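One file, target22.cif, is given below (mmCIF, C-alpha atoms and all ligand atoms).
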data_upload
#
loop_
_atom_site.label_atom_id
_atom_site.label_comp_id
_atom_site.auth_asym_id
_atom_site.auth_seq_id
_atom_site.Cartn_x
_atom_site.Cartn_y
_atom_site.Cartn_z
CA MET S 1 154.02 -43.10 60.13
CA ALA S 2 151.20 -41.29 58.41
CA THR S 3 149.95 -42.76 55.19
CA PRO S 4 148.11 -41.10 52.33
CA LYS S 5 144.43 -41.14 53.03
CA GLU S 6 141.27 -39.47 52.05
CA LYS S 7 140.53 -36.73 54.50
CA ILE S 8 137.79 -37.78 56.89
CA THR S 9 135.15 -35.11 57.32
CA LYS S 10 134.43 -34.30 60.95
CA VAL S 11 130.86 -33.28 61.76
CA LEU S 12 129.82 -31.70 65.05
CA ILE S 13 126.13 -32.21 65.88
CA VAL S 14 124.75 -29.76 68.43
CA GLU S 15 121.35 -31.06 69.45
CA ASP S 16 119.74 -31.86 72.79
CA GLU S 17 117.23 -34.39 71.45
CA VAL S 18 119.05 -37.68 71.89
CA ALA S 19 116.89 -39.57 69.37
CA ILE S 20 117.81 -37.10 66.62
CA VAL S 21 121.51 -37.25 67.50
CA THR S 22 121.42 -41.06 67.43
CA LEU S 23 119.67 -41.11 64.06
CA LEU S 24 122.02 -38.55 62.50
CA ARG S 25 125.13 -40.12 63.97
CA TYR S 26 124.19 -43.54 62.62
CA ASN S 27 123.55 -42.23 59.13
CA LEU S 28 126.54 -39.89 58.97
CA GLU S 29 128.93 -42.56 60.22
CA LYS S 30 127.55 -44.97 57.66
CA GLU S 31 128.56 -42.40 55.02
CA GLY S 32 132.09 -42.26 56.40
CA PHE S 33 131.83 -39.04 58.43
CA HIS S 34 133.46 -38.75 61.83
CA VAL S 35 130.80 -37.53 64.26
CA ILE S 36 131.11 -35.68 67.55
CA SER S 37 128.09 -34.31 69.40
CA THR S 38 126.81 -32.32 72.32
CA GLY S 39 123.47 -30.98 73.52
CA ASP S 40 124.98 -27.96 75.23
CA GLY S 41 125.86 -24.60 73.69
CA GLU S 42 128.88 -23.73 75.82
CA GLU S 43 130.26 -27.22 75.28
CA ALA S 44 129.62 -26.85 71.54
CA ILE S 45 131.86 -23.78 71.31
CA LYS S 46 134.57 -25.56 73.27
CA LEU S 47 134.32 -28.59 70.94
CA VAL S 48 134.59 -26.35 67.88
CA LYS S 49 137.77 -24.77 69.25
CA ASP S 50 139.31 -28.05 70.39
CA HIS S 51 138.28 -30.38 67.55
CA ARG S 52 137.93 -28.02 64.57
CA PRO S 53 135.03 -29.84 62.90
CA ASP S 54 134.69 -29.45 59.13
CA ILE S 55 131.01 -28.64 59.55
CA ILE S 56 128.50 -28.04 62.35
CA VAL S 57 124.90 -29.23 62.36
CA LEU S 58 123.36 -26.85 64.87
CA ASP S 59 119.90 -27.07 66.36
CA TRP S 60 118.17 -23.75 67.02
CA MET S 61 116.30 -24.77 70.19
CA LEU S 62 118.73 -25.78 72.91
CA PRO S 63 118.70 -25.39 76.67
CA GLY S 64 120.79 -22.33 77.58
CA MET S 65 122.35 -20.72 74.52
CA THR S 66 120.21 -20.87 71.37
CA GLY S 67 121.55 -22.07 68.04
CA VAL S 68 121.43 -18.49 66.75
CA GLU S 69 123.57 -17.28 69.66
CA ILE S 70 126.06 -20.10 69.14
CA CYS S 71 126.20 -19.34 65.43
CA LYS S 72 126.90 -15.64 66.04
CA HIS S 73 129.50 -16.51 68.65
CA ILE S 74 131.34 -18.76 66.19
CA ARG S 75 131.19 -16.12 63.44
CA TRP S 76 132.76 -13.54 65.77
CA ASN S 77 135.64 -15.78 66.75
CA ASN S 78 138.53 -15.43 64.29
CA ASP S 79 139.93 -18.93 64.82
CA ILE S 80 136.72 -20.77 64.02
CA LYS S 81 134.60 -18.30 62.08
CA ASN S 82 134.96 -20.09 58.73
CA THR S 83 133.41 -23.34 59.97
CA PRO S 84 130.34 -24.10 57.84
CA ILE S 85 127.10 -24.34 59.82
CA ILE S 86 123.79 -25.98 58.91
CA MET S 87 121.07 -24.82 61.26
CA LEU S 88 118.15 -27.06 62.20
CA SER S 89 114.83 -25.81 63.40
CA ALA S 90 111.38 -27.10 64.20
CA ARG S 91 110.08 -23.74 63.05
CA GLY S 92 109.54 -23.34 59.36
CA GLU S 93 108.45 -19.76 58.93
CA GLU S 94 110.20 -17.58 56.39
CA GLY S 95 111.21 -15.10 59.14
CA ASP S 96 112.95 -17.88 61.08
CA ARG S 97 114.77 -19.08 58.03
CA ILE S 98 116.07 -15.59 57.37
CA ARG S 99 117.05 -15.07 61.00
CA GLY S 100 118.90 -18.37 60.96
CA LEU S 101 120.82 -17.48 57.83
CA ASP S 102 121.40 -13.91 59.02
CA SER S 103 123.07 -15.22 62.16
CA GLY S 104 125.72 -16.71 59.88
CA ALA S 105 124.44 -20.21 59.07
CA ASP S 106 125.26 -21.54 55.61
CA ASP S 107 122.06 -23.52 55.29
CA TYR S 108 118.85 -24.02 57.20
CA MET S 109 116.72 -27.15 57.48
CA VAL S 110 113.27 -27.54 58.96
CA LYS S 111 112.46 -30.59 61.08
CA PRO S 112 111.46 -33.24 60.37
CA PHE S 113 113.92 -34.07 57.61
CA SER S 114 115.51 -37.28 56.42
CA PRO S 115 119.16 -38.00 57.23
CA SER S 116 119.84 -38.43 53.52
CA GLU S 117 118.60 -34.88 52.91
CA LEU S 118 120.99 -33.60 55.58
CA ILE S 119 123.87 -35.50 53.95
CA SER S 120 123.00 -33.94 50.58
CA ARG S 121 122.97 -30.49 52.19
CA ILE S 122 126.31 -31.13 53.90
CA ASN S 123 127.87 -32.17 50.60
CA ALA S 124 126.34 -29.14 48.88
CA VAL S 125 127.80 -26.78 51.50
CA PHE S 126 131.24 -28.33 50.93
CA ARG S 127 130.91 -28.03 47.18
CA ARG S 128 130.02 -24.36 47.52
CA MET S 129 132.46 -23.36 50.19
CA ARG S 130 135.32 -25.78 50.20
CA PRO S 131 135.43 -27.68 46.95
CA SER S 132 138.43 -29.72 48.06
CA LEU S 133 136.78 -31.47 50.98
CA SER S 134 134.55 -33.73 48.96
CA GLU S 135 137.51 -34.72 46.78
CA LYS S 136 140.75 -36.52 47.33
CA ILE S 137 143.34 -35.16 49.72
CA LEU S 138 146.75 -36.66 50.46
CA GLU S 139 148.46 -35.98 53.78
CA PHE S 140 151.91 -36.77 55.08
CA SER S 141 153.64 -35.29 58.11
CA GLY S 142 152.14 -31.81 57.83
CA ILE S 143 152.02 -31.74 54.03
CA THR S 144 148.55 -31.66 52.50
CA MET S 145 147.89 -32.10 48.79
CA ASP S 146 144.51 -31.35 47.35
CA LEU S 147 144.45 -33.28 44.10
CA THR S 148 141.44 -31.41 42.79
CA SER S 149 142.42 -27.81 43.36
CA HIS S 150 146.15 -28.61 43.10
CA LYS S 151 146.68 -26.71 46.34
CA VAL S 152 149.57 -27.84 48.50
CA THR S 153 150.21 -26.72 52.06
CA ARG S 154 152.81 -27.50 54.65
CA ASP S 155 151.96 -26.85 58.29
CA GLY S 156 149.10 -24.74 57.00
CA ALA S 157 151.16 -22.46 54.71
CA ASP S 158 150.75 -22.50 50.94
CA VAL S 159 153.47 -24.25 48.94
CA HIS S 160 153.75 -23.26 45.29
CA LEU S 161 154.79 -26.03 42.92
CA SER S 162 155.11 -26.32 39.17
CA PRO S 163 153.01 -29.10 37.58
CA THR S 164 156.05 -31.39 37.45
CA GLU S 165 156.95 -30.90 41.08
CA PHE S 166 153.30 -31.42 41.94
CA SER S 167 153.26 -34.77 40.10
CA LEU S 168 156.53 -35.78 41.70
CA LEU S 169 155.30 -34.97 45.20
CA ARG S 170 152.03 -36.76 44.49
CA HIS S 171 153.87 -39.91 43.47
CA LEU S 172 155.99 -39.83 46.64
CA MET S 173 152.95 -39.05 48.84
CA GLU S 174 151.10 -42.01 47.36
CA HIS S 175 153.96 -44.32 48.38
CA PRO S 176 155.50 -42.97 51.57
CA GLY S 177 158.63 -44.75 52.76
CA ARG S 178 159.28 -46.41 49.43
CA VAL S 179 162.57 -45.69 47.68
CA PHE S 180 162.34 -44.79 43.99
CA GLY S 181 165.27 -44.73 41.62
CA ARG S 182 165.48 -41.87 39.18
CA GLU S 183 164.52 -44.13 36.27
CA GLN S 184 161.43 -45.26 38.15
CA LEU S 185 160.48 -41.67 38.92
CA LEU S 186 160.96 -40.76 35.27
CA ASP S 187 158.64 -43.58 34.22
CA ASN S 188 156.04 -42.86 36.86
CA VAL S 189 156.03 -39.08 36.84
CA TRP S 190 157.14 -38.06 33.37
CA GLY S 191 155.85 -41.16 31.58
CA HIS S 192 157.46 -43.85 29.44
CA ASP S 193 156.91 -42.06 26.19
CA ILE S 194 159.18 -39.12 26.56
CA TYR S 195 162.91 -39.04 26.81
CA VAL S 196 164.18 -37.04 29.74
CA GLU S 197 167.72 -36.93 31.05
CA VAL S 198 167.81 -38.78 34.41
CA ARG S 199 169.50 -35.80 36.07
CA THR S 200 166.29 -33.87 35.45
CA VAL S 201 164.82 -35.81 38.36
CA ASP S 202 167.48 -34.43 40.68
CA VAL S 203 166.73 -30.90 39.56
CA HIS S 204 163.03 -31.32 40.28
CA VAL S 205 163.63 -33.04 43.62
CA ARG S 206 165.85 -30.15 44.58
CA ARG S 207 163.20 -27.61 43.58
CA LEU S 208 160.54 -29.60 45.41
CA ARG S 209 162.64 -29.64 48.56
CA LYS S 210 163.18 -25.90 48.38
CA ALA S 211 159.48 -25.27 47.86
CA LEU S 212 158.52 -27.53 50.77
CA ASN S 213 161.14 -26.01 53.02
CA TYR S 214 159.89 -22.50 52.40
CA ASP S 215 161.26 -20.99 55.60
CA ASN S 216 164.34 -23.22 56.05
CA LYS S 217 162.99 -24.52 59.34
CA GLN S 218 161.14 -27.70 58.48
CA PRO S 219 162.84 -31.05 58.31
CA ASP S 220 163.50 -32.36 54.82
CA LEU S 221 161.00 -35.14 54.19
CA ILE S 222 162.52 -36.35 50.94
CA ARG S 223 165.37 -38.64 51.87
CA THR S 224 168.24 -39.15 49.46
CA VAL S 225 169.13 -42.82 49.43
CA ARG S 226 172.70 -43.09 48.20
CA SER S 227 172.97 -44.89 44.86
CA ALA S 228 169.31 -45.81 45.06
CA GLY S 229 167.13 -42.75 44.74
CA TYR S 230 164.61 -40.87 46.80
CA ALA S 231 161.96 -41.64 49.40
CA LEU S 232 159.38 -39.63 51.29
CA GLU S 233 160.02 -40.26 54.96
CA GLU S 234 159.61 -38.73 58.38
CA ASN S 235 162.78 -36.94 59.44
CA PRO S 236 162.65 -36.52 63.21
CA GLU S 237 166.34 -35.64 63.41
CA GLY S 238 165.88 -32.76 61.00
CA LYS S 239 168.61 -33.97 58.66
CA ASN S 240 169.23 -31.85 55.58
CA TYR S 241 169.53 -34.02 52.48
CA ILE S 242 169.89 -31.33 49.91
CA ASN S 243 173.69 -31.60 49.81
CA ASP S 244 173.54 -35.36 49.33
CA ASP S 245 171.91 -35.05 45.93
CA VAL S 246 175.10 -35.11 43.93
CA ALA S 247 176.36 -38.17 45.79
CA ALA S 248 173.07 -39.95 45.21
CA ALA S 249 173.28 -39.27 41.55
CA GLU S 250 176.55 -41.20 41.13
CA CA U 301 116.50 -29.06 70.32
#
Take the structure from the file and write it as structure tokens.
Ligand code: CA
Amino acid sequence: MATPKEKITKVLIVEDEVAIVTLLRYNLEKEGFHVISTGDGEEAIKLVKDHRPDIIVLDWMLPGMTGVEICKHIRWNNDIKNTPIIMLSARGEEGDRIRGLDSGADDYMVKPFSPSELISRINAVFRRMRPSLSEKILEFSGITMDLTSHKVTRDGADVHLSPTEFSLLRHLMEHPGRVFGREQLLDNVWGHDIYVEVRTVDVHVRRLRKALNYDNKQPDLIRTVRSAGYALEENPEGKNYINDDVAAAE
């Protein structure tokens, strides 16, 4: 079973100089990044398609395809064109920098540079382009919750939740598999200080289920546990719990 976790950022390094790859890999992995690498342009494009890295560190000078060609190729390909790219080059002239950025790179670094500078640039690209990636993300069975932007998706599609349903889902996603009674959910989600009718929980669970099951095809991941409460669980049999709510409430 999947558990809530911080999303691990996957970095693809495209560089034929083994010493540089080794140095970058060591430093990026130390920072918690997942690193894949290749020194070959064709292979790089295949890796981008197959592994969907969160960012590409792309050397300009490679045997075969150049970094600029790879960059353009990625930008022309609809499936992968939004992948951020930091281009590396031994050449530091202004014209090169502009050509690198014109080819579609998000940033450009001149060798030699320190690994810590690259890490700062990677984080800066994420802050600019994808603010959520440097922040906390919860994932469970196809549901992704970005706690910073409050964006929720299921199987890649946006799910629109009210603030209460968001808090409810967050609580369940932080404790997958655990059964919560309605009183517990009231305390944890609504807070101790306010009085809310316990049936309110059922209403919000029902709304949350409907929002998560936006096309009536996905299995219901919120299990109704009779006379106990609710739990976020995998549902491989595709059982529909929505009609059990009343029974659970008794
Ligand atoms: Ca090179």
| Which residue, S:Glu43, S:Asp158, S:Asp59, S:Asp187, has the smallest gap to ligand CA 301 (chain U) when you use only C-alpha atoms and all ligand atoms? |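 Of S:Glu43, S:Asp158, S:Asp59, S:Asp187, the one nearest ligand CA 301 (chain U) is S:Asp59, counting only C-alpha atoms and all ligand atoms.
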| said: Taking (160.0, -46.3, 52.1) as a centre in this file's frame and 8 Å as the limit, can you find every polymer residue with an atom that close, using only C-alpha atoms, and give them as a ChimeraX atom specification? | reply: /S:175-179,231-233
Residue subset to file, keeping C-alpha atoms, as a PDB file, keeping the file's coordinate frame:
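Saved the output as result_5.pdb:
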ATOM      1  CA  HIS S 175     153.960 -44.320  48.380  1.00  0.00           C
ATOM      2  CA  PRO S 176     155.500 -42.970  51.570  1.00  0.00           C
ATOM      3  CA  GLY S 177     158.630 -44.750  52.760  1.00  0.00           C
ATOM      4  CA  ARG S 178     159.280 -46.410  49.430  1.00  0.00           C
ATOM      5  CA  VAL S 179     162.570 -45.690  47.680  1.00  0.00           C
ATOM      6  CA  ALA S 231     161.960 -41.640  49.400  1.00  0.00           C
ATOM      7  CA  LEU S 232     159.380 -39.630  51.290  1.00  0.00           C
ATOM      8  CA  GLU S 233     160.020 -40.260  54.960  1.00  0.00           C
TER       9      GLU S 233
END
| task | Pick out the closest residue to Glu237 of chain S from this set: S:Asp220, S:Asp16, S:Asp50, S:Asp155. Count only C-alpha atoms. | result |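 Ranking S:Asp220, S:Asp16, S:Asp50, S:Asp155 by distance to Glu237 of chain S, first place goes to S:Asp220.
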| request: Skip segment 117-124 of chain S itself and residues of its chain fewer than 5 positions away, then list as number ranges by chain all residues within 8 Å of it, counting only C-alpha atoms. | output: S: 28, 55, 86, 107, 109, 134
| Exercise answer, 8 Å around ligand CA 301 (chain U) with all atoms listed in the file, as a list of chain:residue names |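 Listed by chain and ascending number, the contacts are S:Glu15, S:Asp16, S:Glu17, S:Gly39, S:Asp59, S:Trp60, S:Met61, S:Leu62, S:Pro63, S:Ser89.
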| task | For Arg154 of chain S, work out the shell of residues within 10 Å, counting all atoms listed in the file and skipping chain neighbours fewer than 4 positions away, then give it as an NGL selection string. | result | :S and (139-145 or 158-159 or 211-214 or 218)
